[in-house]
file upload-v6.txt (compact mmCIF, C-alpha atoms)
# COMPACT_ATOMS: atom_id res chain seq x y z
CA MET A 28 -52.42 -5.53 -19.94
CA GLU A 29 -49.23 -3.68 -18.86
CA PRO A 30 -48.94 -2.58 -15.25
CA GLU A 31 -49.36 1.11 -14.77
CA GLN A 32 -46.21 3.03 -13.85
CA THR A 33 -46.42 4.35 -10.32
CA LYS A 34 -44.81 7.59 -9.16
CA ASN A 35 -42.03 5.74 -7.27
CA ASP A 36 -40.89 3.60 -10.25
CA PRO A 37 -37.84 5.02 -12.07
CA SER A 38 -38.42 6.01 -15.65
CA LEU A 39 -36.31 4.57 -18.50
CA LEU A 40 -34.36 7.85 -18.81
CA SER A 41 -33.48 7.99 -15.12
CA ALA A 42 -32.44 4.32 -15.17
CA ILE A 43 -30.08 5.03 -18.11
CA ILE A 44 -28.65 8.06 -16.33
CA VAL A 45 -28.03 6.02 -13.17
CA ALA A 46 -26.40 3.23 -15.24
CA ILE A 47 -24.12 5.72 -17.00
CA GLY A 48 -23.30 7.32 -13.64
CA MET A 49 -22.39 3.96 -12.12
CA ALA A 50 -20.29 3.06 -15.17
CA LEU A 51 -18.39 6.34 -14.94
CA PHE A 52 -17.94 5.81 -11.24
CA LEU A 53 -16.46 2.34 -11.83
CA VAL A 54 -14.14 3.74 -14.52
CA PHE A 55 -12.89 6.43 -12.14
CA VAL A 56 -12.42 3.95 -9.29
CA THR A 57 -10.47 1.58 -11.58
CA PHE A 58 -8.38 4.46 -12.88
CA PHE A 59 -7.46 5.66 -9.40
CA ILE A 60 -6.68 2.14 -8.20
CA PHE A 61 -4.35 1.75 -11.21
CA ILE A 62 -2.71 5.13 -10.57
CA SER A 63 -2.05 4.16 -6.94
CA SER A 64 -0.76 0.67 -7.78
CA GLY A 65 2.73 -0.68 -8.41
CA ALA A 66 1.69 -1.50 -11.98
CA TYR A 67 1.53 2.20 -12.81
CA THR A 68 5.02 2.71 -11.32
CA THR A 69 6.29 -0.12 -13.54
CA VAL A 70 4.65 1.42 -16.61
CA LYS A 71 6.31 4.74 -15.80
CA GLN A 72 9.69 3.04 -15.44
CA ILE A 73 9.27 1.28 -18.79
CA GLN A 74 8.28 4.56 -20.43
CA ALA A 75 11.29 6.29 -18.86
CA GLY A 76 13.52 3.43 -20.03
CA SER A 77 12.21 3.62 -23.61
CA LYS A 78 12.71 7.38 -23.65
CA ILE A 79 16.28 7.09 -22.37
CA THR A 80 17.02 4.23 -24.77
CA ARG A 81 16.12 6.48 -27.67
CA SER A 82 18.25 9.35 -26.35
CA LEU A 83 21.39 7.35 -25.43
CA GLN A 84 24.39 7.77 -27.67
CA ASN A 85 25.84 4.31 -28.17
CA GLY A 86 29.35 5.31 -29.17
CA ASP A 87 31.54 2.22 -29.00
CA ILE A 88 28.76 -0.09 -27.81
CA ASP A 89 28.08 -3.09 -30.05
CA THR A 90 24.51 -2.89 -31.33
CA ARG A 91 24.66 -5.13 -34.41
CA SER A 92 26.43 -8.44 -33.84
CA PRO A 93 24.43 -11.64 -33.13
CA ILE A 94 23.85 -12.38 -29.46
CA LYS A 95 23.59 -15.68 -27.56
CA ALA A 96 22.66 -16.64 -23.99
CA ASP A 97 26.38 -17.05 -23.23
CA ASP A 98 26.91 -13.38 -24.10
CA ILE A 99 24.33 -12.41 -21.48
CA SER A 100 26.11 -14.63 -18.93
CA ALA A 101 29.42 -12.98 -19.82
CA TYR A 102 27.85 -9.53 -19.49
CA GLN A 103 26.35 -10.49 -16.13
CA THR A 104 29.82 -11.52 -14.92
CA SER A 105 31.22 -8.23 -16.16
CA VAL A 106 28.50 -6.32 -14.27
CA ASP A 107 29.24 -8.34 -11.13
CA GLN A 108 32.94 -7.57 -11.36
CA ARG A 109 32.30 -3.85 -11.77
CA LEU A 110 29.81 -3.84 -8.89
CA LYS A 111 32.41 -5.51 -6.67
CA THR A 112 34.74 -2.54 -7.18
CA ILE A 113 32.01 -0.25 -5.83
CA ASP A 114 32.15 0.17 -2.08
CA ASN A 115 29.25 2.39 -1.03
CA ALA A 116 29.96 2.07 2.70
CA THR A 117 33.54 3.33 2.30
CA ASP A 118 32.65 6.05 -0.21
CA PHE A 119 29.53 7.40 1.46
CA GLY A 120 29.42 5.85 4.95
CA VAL A 121 28.69 8.21 7.82
CA ALA A 122 31.86 7.04 9.60
CA GLY A 123 33.84 9.09 7.06
CA VAL A 124 32.54 12.34 8.58
CA SER A 125 32.36 11.28 12.23
CA ASP A 126 33.91 13.45 14.96
CA GLN A 127 36.74 10.95 15.18
CA ALA A 128 37.42 11.02 11.42
CA LEU A 129 37.44 14.84 11.45
CA GLY A 130 39.66 15.07 14.54
CA LEU A 131 36.95 16.68 16.63
CA THR A 132 37.60 14.57 19.72
CA GLN A 133 39.70 15.25 22.78
CA MET B 1 -33.09 8.54 -5.03
CA TYR B 2 -30.46 10.63 -6.88
CA ALA B 3 -29.43 12.31 -3.68
CA ARG B 4 -28.85 8.92 -2.04
CA ILE B 5 -26.84 7.58 -4.99
CA SER B 6 -24.75 10.76 -5.11
CA ALA B 7 -24.13 10.59 -1.38
CA VAL B 8 -23.04 6.94 -1.60
CA ILE B 9 -20.72 7.69 -4.57
CA LEU B 10 -19.17 10.66 -2.78
CA LEU B 11 -18.70 8.62 0.38
CA ILE B 12 -16.98 5.78 -1.51
CA LEU B 13 -14.78 8.25 -3.38
CA ALA B 14 -13.81 9.93 -0.13
CA ILE B 15 -12.80 6.55 1.33
CA ILE B 16 -10.90 5.35 -1.76
CA LEU B 17 -9.08 8.47 -2.84
CA PRO B 18 -6.10 9.20 -0.65
CA VAL B 19 -5.49 12.83 0.05
CA LYS B 20 -2.01 13.68 -1.10
CA ALA B 21 -0.19 16.76 -0.08
CA PHE B 22 2.38 17.85 -2.61
CA ALA B 23 5.22 19.67 -1.00
CA ILE B 24 7.54 21.57 -3.30
CA ASP B 25 11.09 21.77 -2.13
CA ALA B 26 12.50 25.23 -2.14
CA PRO B 27 15.37 25.50 -4.61
CA VAL B 28 18.73 25.21 -2.95
CA SER B 29 20.63 28.38 -3.60
CA SER B 30 24.26 28.98 -2.89
CA GLY B 31 25.83 32.16 -1.60
CA SER B 32 26.82 33.36 1.83
CA SER B 33 23.44 34.82 2.82
CA SER B 34 21.49 31.68 1.94
CA ARG B 35 24.19 29.59 3.59
CA ASP B 36 23.81 31.67 6.71
CA GLN B 37 20.03 31.19 6.56
CA ARG B 38 20.37 27.43 6.12
CA LEU B 39 22.80 27.08 9.01
CA THR B 40 20.79 29.40 11.27
CA SER B 41 17.64 27.40 10.62
CA ALA B 42 19.60 24.17 11.20
CA VAL B 43 20.68 25.48 14.62
CA SER B 44 17.08 26.35 15.55
CA ASP B 45 15.65 23.10 14.11
CA GLN B 46 18.05 21.05 16.18
CA HIS B 47 17.63 23.25 19.30
CA LEU B 48 21.41 23.19 19.42
CA VAL B 49 23.10 24.50 22.56
CA LEU B 50 26.80 23.90 23.08
CA ASP B 51 28.38 23.68 26.51
CA ASP B 52 31.63 25.52 27.15
CA ALA B 53 33.82 22.44 26.84
CA LYS B 54 32.36 21.43 23.47
CA ARG B 55 32.55 25.00 22.18
CA ALA B 56 36.22 25.27 23.22
CA LEU B 57 36.99 21.96 21.53
CA LEU B 58 35.31 23.04 18.29
CA VAL B 59 37.05 26.43 18.28
CA GLN B 60 40.37 24.68 18.73
CA LYS B 61 39.92 21.93 16.14
CA CYS B 62 37.30 23.02 13.64
CA GLU B 63 39.70 24.54 11.12
CA ASN B 64 41.58 21.25 10.82
CA ALA B 65 38.22 19.54 10.42
CA GLN B 66 37.36 21.94 7.60
CA SER B 67 40.64 21.07 5.85
CA ALA B 68 39.77 17.38 6.19
CA LEU B 69 36.30 18.09 4.81
CA MET B 70 37.81 19.82 1.76
CA LYS B 71 39.66 16.60 0.91
CA ILE B 72 36.45 14.64 1.48
CA GLN B 73 34.64 17.05 -0.86
CA GLU B 74 37.19 16.53 -3.65
CA LYS B 75 36.97 12.77 -3.25
CA ALA B 76 33.16 12.82 -3.06
CA ASP B 77 32.89 14.85 -6.28
CA LYS B 78 35.07 12.35 -8.14
CA THR B 79 33.34 9.34 -6.62
CA ALA B 80 29.86 10.63 -7.43
CA GLU B 81 30.88 11.39 -11.02
CA LEU B 82 32.47 7.96 -11.39
CA ARG B 83 29.35 6.31 -10.00
CA THR B 84 27.11 8.23 -12.42
CA ASN B 85 29.38 7.27 -15.34
CA THR B 86 29.38 3.60 -14.33
CA TYR B 87 25.59 3.36 -14.27
CA GLY B 88 25.33 5.45 -17.44
CA THR B 89 27.61 2.90 -19.12
CA PHE B 90 25.38 0.09 -17.87
CA GLN B 91 22.43 1.83 -19.52
CA LYS B 92 24.26 2.11 -22.86
CA GLU B 93 25.44 -1.50 -22.75
CA LEU B 94 21.92 -2.69 -21.96
CA GLN B 95 20.60 -0.68 -24.87
CA GLY B 96 23.18 -2.39 -27.08
CA ILE B 97 21.99 -5.82 -25.90
CA LYS B 98 18.39 -4.82 -26.56
CA LEU B 99 19.18 -3.71 -30.10
CA ARG B 100 21.16 -6.89 -30.81
CA MET B 101 18.28 -9.02 -29.56
CA ALA B 102 15.78 -6.97 -31.56
CA ARG B 103 17.79 -7.67 -34.72
CA GLN B 104 17.29 -11.38 -34.03
CA GLY B 105 13.57 -10.85 -33.46
CA VAL B 106 13.83 -11.63 -29.72
CA ASP B 107 11.81 -9.54 -27.28
CA ALA B 108 13.94 -7.70 -24.71
CA SER B 109 11.38 -5.34 -23.23
CA GLU B 110 12.63 -6.08 -19.68
CA ILE B 111 15.67 -4.02 -20.58
CA ASP B 112 13.54 -0.88 -20.95
CA LEU B 113 12.24 -1.45 -17.43
CA LEU B 114 15.77 -1.96 -16.10
CA ILE B 115 17.08 1.16 -17.87
CA GLY B 116 14.13 3.13 -16.41
CA LYS B 117 14.86 1.83 -12.92
CA ILE B 118 18.54 2.74 -13.25
CA GLN B 119 17.54 6.23 -14.42
CA GLN B 120 15.23 6.71 -11.43
CA GLY B 121 18.03 5.53 -9.16
CA LEU B 122 20.49 7.88 -10.86
CA ASP B 123 18.08 10.82 -10.49
CA SER B 124 17.73 10.14 -6.75
CA PHE B 125 21.50 9.71 -6.44
CA THR B 126 22.15 13.02 -8.23
CA LEU B 127 19.70 14.87 -6.00
CA ALA B 128 21.26 13.33 -2.88
CA ALA B 129 24.77 14.16 -4.16
CA ASP B 130 23.74 17.79 -4.79
CA ALA B 131 22.26 18.13 -1.30
CA TYR B 132 25.38 16.53 0.19
CA GLY B 133 27.61 18.90 -1.80
CA THR B 134 25.66 21.92 -0.56
CA SER B 135 25.93 20.81 3.07
CA LEU B 136 29.67 20.18 2.60
CA ASP B 137 30.07 23.68 1.17
CA ASP B 138 28.20 25.12 4.13
CA VAL B 139 30.34 23.40 6.75
CA ILE B 140 33.60 24.19 4.95
CA SER B 141 32.79 27.86 4.35
CA VAL B 142 31.31 28.88 7.69
CA ASP B 143 33.54 30.86 10.06
CA CYS B 144 33.68 28.01 12.55
CA THR B 145 35.59 29.83 15.30
CA GLN B 146 32.97 32.59 15.47
CA LYS B 147 29.86 30.59 14.55
CA THR B 148 30.47 27.37 16.39
CA GLU B 149 26.79 26.43 16.69
CA GLN B 150 26.33 26.87 12.95
CA PHE B 151 29.36 24.68 12.28
CA GLN B 152 28.08 21.95 14.59
CA ALA B 153 24.54 22.14 13.15
CA GLY B 154 26.00 22.01 9.63
CA LEU B 155 27.94 18.87 10.55
CA ILE B 156 24.74 17.18 11.73
CA VAL B 157 22.99 18.10 8.46
CA LEU B 158 26.05 16.90 6.53
CA ARG B 159 25.92 13.47 8.20
CA LYS B 160 22.21 13.18 7.42
CA GLN B 161 22.80 14.09 3.76
CA ARG B 162 25.68 11.64 3.53
CA ALA B 163 23.43 8.92 4.93
CA ASN B 164 20.83 9.78 2.26
CA LEU B 165 23.55 9.56 -0.39
CA LEU B 166 24.55 6.13 0.92
CA VAL B 167 20.93 4.96 0.66
CA ALA B 168 20.71 6.25 -2.94
CA ALA B 169 24.01 4.56 -3.86
CA ASN B 170 22.92 1.27 -2.25
CA ASN B 171 19.63 1.48 -4.14
CA LEU B 172 21.50 1.68 -7.45
CA THR B 173 23.58 -1.36 -6.53
CA LYS B 174 20.44 -3.29 -5.52
CA ILE B 175 18.80 -2.50 -8.87
CA MET B 176 21.70 -4.11 -10.74
CA GLU B 177 21.85 -7.08 -8.38
CA ALA B 178 18.11 -7.67 -8.74
CA ALA B 179 18.55 -7.56 -12.52
CA LYS B 180 20.27 -10.96 -12.35
CA GLN B 181 16.98 -12.62 -11.44
CA ASN B 182 14.51 -10.24 -13.04
CA THR B 183 16.17 -9.36 -16.32
CA PHE B 184 19.24 -11.37 -17.30
CA SER B 185 17.75 -14.79 -16.50
CA GLN B 186 14.70 -13.95 -18.65
CA LEU B 187 16.87 -12.78 -21.53
CA LYS B 188 18.99 -15.94 -21.36
CA LYS B 189 15.87 -18.13 -21.44
CA ARG B 190 14.60 -16.35 -24.55
CA LEU B 191 17.94 -16.67 -26.30
CA THR B 192 18.20 -20.37 -25.39
CA VAL B 193 14.74 -21.32 -26.77
call {"tool": "encode", "arguments": {"input": "upload-v6.txt", "output": "structure tokens"}}
result
Amino acid sequence: MEPEQTKNDPSLLSAIIVAIGMALFLVFVTFFIFISSGAYTTVKQIQAGSKITRSLQNGDIDTRSPIKADDISAYQTSVDQRLKTIDNATDFGVAGVSDQALGLTQ
Amino acid sequence: MYARISAVILLILAIILPVKAFAIDAPVSSGSSSRDQRLTSAVSDQHLVLDDAKRALLVQKCENAQSALMKIQEKADKTAELRTNTYGTFQKELQGIKLRMARQGVDASEIDLLIGKIQQGLDSFTLAADAYGTSLDDVISVDCTQKTEQFQAGLIVLRKQRANLLVAANNLTKIMEAAKQNTFSQLKKRLTV
């Protein structure tokens, strides 16, 4: 003999509604945690990179020849050399617009 | 029961969801009236009051300083353009490497991430360079002998904008330096296997 349902027991329908509500809640919480996380920032950067990659005009850039690990090393060296010619402190340092640099001292 | 569940859900949402205020920057407009507004608000923001000695010094030397700033402006324009071109070239070269690797069937998806990071860095750099250019224009164009406070306030803003530009430029450099570990080493490993 099945126990009789009392007034305080949830019905099947209300239990399903609560389960769906909890599931939706968990989905929203997961979504917002993802949106606030660094992973989402990385995804955005990859998307931006893919978009730019499609729009870049290659011009003289080699896009067809075979590539080896040594080529990456050579490219890395080339990047290093070009970065060494960049001097941010000299180009954009605040000392360049100090009172002394502008002759605004006694 | 529903009221309790709803209350608990709302409470948890209120704790988890950060409240973000989105501030929209007013567009920077050029022109003498907006320049005057910018410099006037800079004076009031900084609560700037000049003593007689400082005012006399500025009146005496500010025009030479403006000439020096014009040269700085010319150099800054060229430098900023050169910097943008350099990082734009990096992006193209990286795309070339990606395409060459793709032709060999080797995954180079890290390059997309690197190109995206460079683009974000370039966007920040461009914004900082624009703001710096506007503040340079303001300081160079103001009648510094009559509006000494505005000139001085403009100089303070200029230094702040230049510092922001330095941060943006350093950020770009750091992105490329970090690429040695994060991107190039991974690509080399894949091409070696």
call {"tool": "atom_distance", "arguments": {"input": "upload-v6.txt", "atom1": "atom CA of B:Ala68", "atom2": "atom CA of B:Thr84"}}
result
24.3 Å
call {"tool": "interface_residues", "arguments": {"input": "upload-v6.txt", "of": "chain A", "to": "chain B", "cutoff": "6 Å", "atoms": "all atoms listed in the file", "output": "list in words"}}
result
Gln72, Ile73, Ala75, Gly76, Ser77, Asn85, Asp89, Thr90, Arg91, Lys95, Ala96, Phe119, Val121 and Leu129 of chain A
call {"tool": "residues_around", "arguments": {"input": "upload-v6.txt", "residues": "B:Arg55", "least_positions_apart": "4", "cutoff": "12 Å", "atoms": "all atoms listed in the file", "output": "number ranges by chain"}}
result
A: 131-132; B: 48-51, 59-62, 144-152
call {"tool": "atom_distance", "arguments": {"input": "upload-v6.txt", "atom1": "atom CA of A:Ser92", "atom2": "atom CA of A:Thr112"}}
result
28.5 Å
call {"tool": "atom_distance", "arguments": {"input": "upload-v6.txt", "atom1": "atom CA of A:Thr57", "atom2": "atom CA of A:Leu40"}}
result
25.7 Å
